[in-house]
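Let me begin by presenting the structure, written as structure tokens, before commenting on it.
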Amino acid sequence: MSHLLISAAHKSSGKTTISIGLCAALTSIGKVVQPFKKGPDYIDPLWLGRATGRSCHNLDFYTMDRDEIKHVVVKQSQGSDIQIIEGNKGLYDGLDLDGSNSNAALASLVDAPVILVIDSRGMTRGIAPLILGYQAFDADIKIGGVILNQIGGSRHESKLRNVIEHYTDVKVMGAVHRDPRLNIDERHLGLMPSNEFKQVSDKIELLSNAVKDQVDLGQVIALADSATPVGEDNIIDISNHAIVSNIKIGIVKNEAFGFYYPGDLDAFTAAGAELVEIDTISDKALPEIDGLFIGGGFPETMLDELGQNDSMRSSIKNAIENDLPVYAECGGLMYLADNISWQGKKAEMVGAIPVDVIMHEKPQGRGYVKLAVTDNFDWPIDHSEREHVINAHEFHYSSLEGMPEDADYAFEVKRGVGITGKYDGYRYKNLLACYTHMRDSRQNHWVSRFVNYVTECKKHSQTVE
């Protein structure tokens, strides 16, 4: 394995655009690149996946154990020449005081050398103590090089290179000059998702060319080649062996809904389910399916398109009323509500959940959550798992107004916000709708639970008929 981790001194250093450009540049010279993203994130992985042609997998200490992280790295790296891990936030940032879930901890876990992306605006001689401090803070972390970003010009670049060469032993592997064309439009949760961005191929090519022109790819490859392989012995069994057959589960995918973890989609296949893609903008009705999964996204940006598709909205509402098993997360929850209001516009949605969705300027729930299962959770689960707290995450700028006081919820929120601040997982008939985003991992095999639930509902329906 040839791998490295791209991190930064702090958030918003341009690490994601550099990572996308680097992945695309390496791909363009014939390297098979496997991207990974640290932490819970959907948007950056969409871009990294488009840049490499391979699904980007998340590595997250909160929802995965350490053996599982190494397993995913080894398994998903098969067939690739080089693996690029994009960090989140700064190299040493994280939840815990001891840094046990930081980018540095991930680099240590998988023995990955680090390239530090530094936003160089306004910096000259001061860049040296910054680099020296990052090296000294944890001597076990190998900072193999830096990529200077937002360079003001050739004179600025020359000064920075001379300072770094004089005071440190870190290689300058690249210097990317300030260019507004390299910026990717942002939305409330970060970069605009690539499934919405119409000129995504052009943008990736622009980033690729900028990196090829201004970053020494040979040095990057050599650094990745110096990494200690994670090892094939880390291929472990993380499944729960729940295999079914003859189950079709619809999955909504379009510009409004695109937040799906590749590992979760793989888990559906491993459980024997066939995923059937559905477009709630262009399709007129649900196909013949046994269950429905509506993931997250930004339905508020497609209000007109979603609202004008009356036949699909009616099809979904009727299916829920007729006991179709449905699981919806965040954007999916919003779509199933009566309506969504955003920036002075209001549009009717499916109407299966009797609430109004109101968008806000500031986050209403953002970060990691802990959920405890309530008696209203009726997916198949054994007694010991009912005592288990589920680690997951939420990112939403919306809230719900008008939820009935006697509503049933599948989860009690131990950390986070959810729907009410105390509960998440609205329950109605065979519908479960959450603000929380689940991650199928060893601590929470939600996919097989849902597939088994769909199977039970189908058997019950056939018995009744």
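Chain labels follow the order of the structure tokens: the first chain is A, the next B, and so on; residue numbering restarts at 1 in every chain, and ligands are counted from 1 in their shown order.
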Determine which residues of region 34-80 of chain A DSSP labels as strand (DSSP E or B) from the backbone of this structure, then write them out as a PyMOL selection string.
chain A and resi 34-38+57-59
Please produce a file of those selected residues containing N, CA and C atoms, as a PDB file, in the first residue's frame.
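Result file again22.pdb:
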```
ATOM      1  N   GLN A  34      -7.315   5.609  -4.787  1.00  0.00           N
ATOM      2  CA  GLN A  34      -8.431   5.318  -3.890  1.00  0.00           C
ATOM      3  C   GLN A  34      -8.538   6.436  -2.853  1.00  0.00           C
ATOM      4  N   PRO A  35      -9.629   7.205  -2.879  1.00  0.00           N
ATOM      5  CA  PRO A  35      -9.775   8.285  -1.904  1.00  0.00           C
ATOM      6  C   PRO A  35     -10.499   7.834  -0.637  1.00  0.00           C
ATOM      7  N   PHE A  36     -10.130   8.444   0.464  1.00  0.00           N
ATOM      8  CA  PHE A  36     -10.820   8.282   1.741  1.00  0.00           C
ATOM      9  C   PHE A  36     -11.031   9.666   2.341  1.00  0.00           C
ATOM     10  N   LYS A  37     -12.032   9.778   3.190  1.00  0.00           N
ATOM     11  CA  LYS A  37     -12.306  11.033   3.882  1.00  0.00           C
ATOM     12  C   LYS A  37     -12.488  10.750   5.362  1.00  0.00           C
ATOM     13  N   LYS A  38     -11.773  11.496   6.202  1.00  0.00           N
ATOM     14  CA  LYS A  38     -11.934  11.318   7.637  1.00  0.00           C
ATOM     15  C   LYS A  38     -13.196  12.010   8.124  1.00  0.00           C
ATOM     16  N   HIS A  57     -14.553   6.385   0.624  1.00  0.00           N
ATOM     17  CA  HIS A  57     -15.075   5.813   1.862  1.00  0.00           C
ATOM     18  C   HIS A  57     -14.625   6.633   3.068  1.00  0.00           C
ATOM     19  N   ASN A  58     -15.523   6.763   4.032  1.00  0.00           N
ATOM     20  CA  ASN A  58     -15.251   7.550   5.230  1.00  0.00           C
ATOM     21  C   ASN A  58     -14.579   6.709   6.307  1.00  0.00           C
ATOM     22  N   LEU A  59     -13.681   7.352   7.043  1.00  0.00           N
ATOM     23  CA  LEU A  59     -12.983   6.735   8.168  1.00  0.00           C
ATOM     24  C   LEU A  59     -13.282   7.592   9.385  1.00  0.00           C
TER      25      LEU A  59
END
```
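Backbone DSSP over region 95-138 of chain A yields helix (DSSP H, G or I) at Asn103, Ala104, Ala105, Leu106, Ala107, Ser108, Leu109, Ile127, Ala128, Pro129, Leu130, Ile131, Leu132, Gly133, Tyr134, Gln135, Ala136 and Phe137 of chain A.
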Given the choices A:Thr63, A:Ser314, A:Asn452, A:Ser77, which gets closest to Asp440 (chain A) if the distance is worked out from only C-alpha atoms?
A:Thr63
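Here CA of Gly295 (chain A) is placed at a distance of 14.7 Å from CA of Ile281 (chain A).
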Show me, as a PyMOL selection string, the residues that have an atom within 7 Å of region 352-361 of chain A when counting only C-alpha atoms, minus same-chain residues fewer than 3 positions from it.
chain A and resi 317+334+336-342+397-403
Report as JSON, numbers by chain all protein, DNA and RNA residues lying within 8 Å of Phe268 (chain A), evaluated on only C-alpha atoms, omitting residues in the same chain fewer than 5 positions from it.
{"A": [273, 274, 275, 447, 448, 451]}
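If only C-alpha atoms are the atoms counted, then among A:Tyr435, A:Tyr368, A:Tyr167, A:Tyr134 the closest residue to Leu116 (chain A) is A:Tyr134.
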Find the spatial neighbours of Asp41 (chain A), counting only C-alpha atoms, within a cut-off of 12 Å - ignore same-chain residues fewer than 4 positions away - and output them as number ranges by chain.
A: 16, 36-37, 45-48, 56-60, 86-89, 189-191, 193, 258-262, 296-297, 366-368, 392-395, 437-439
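In this model, the gap between CA of Asp65 (chain A) and CA of Asp225 (chain A) comes to 26.0 Å.
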Let me make sure I understand: among A:Val110, A:Lys159, A:Asp93, A:Lys171, which one has the smallest atom-to-atom distance to Met123 (chain A) if we use only C-alpha atoms?
A:Lys159
Can you list, as a ChimeraX atom specification, every protein, DNA or RNA residue that comes within 12 Å of Gln308 (chain A) when you count only C-alpha atoms, leaving out same-chain residues fewer than 2 positions away?
/A:280-284,302-306,310-314,346-350
If we count only C-alpha atoms, what is near Lys203 (chain A) at a cut-off of 12 Å, once residues fewer than 2 positions away on the same chain are taken out, given as a PyMOL selection string?
chain A and resi 17+20-21+24+47+50-51+180-185+194+197-201+205-210
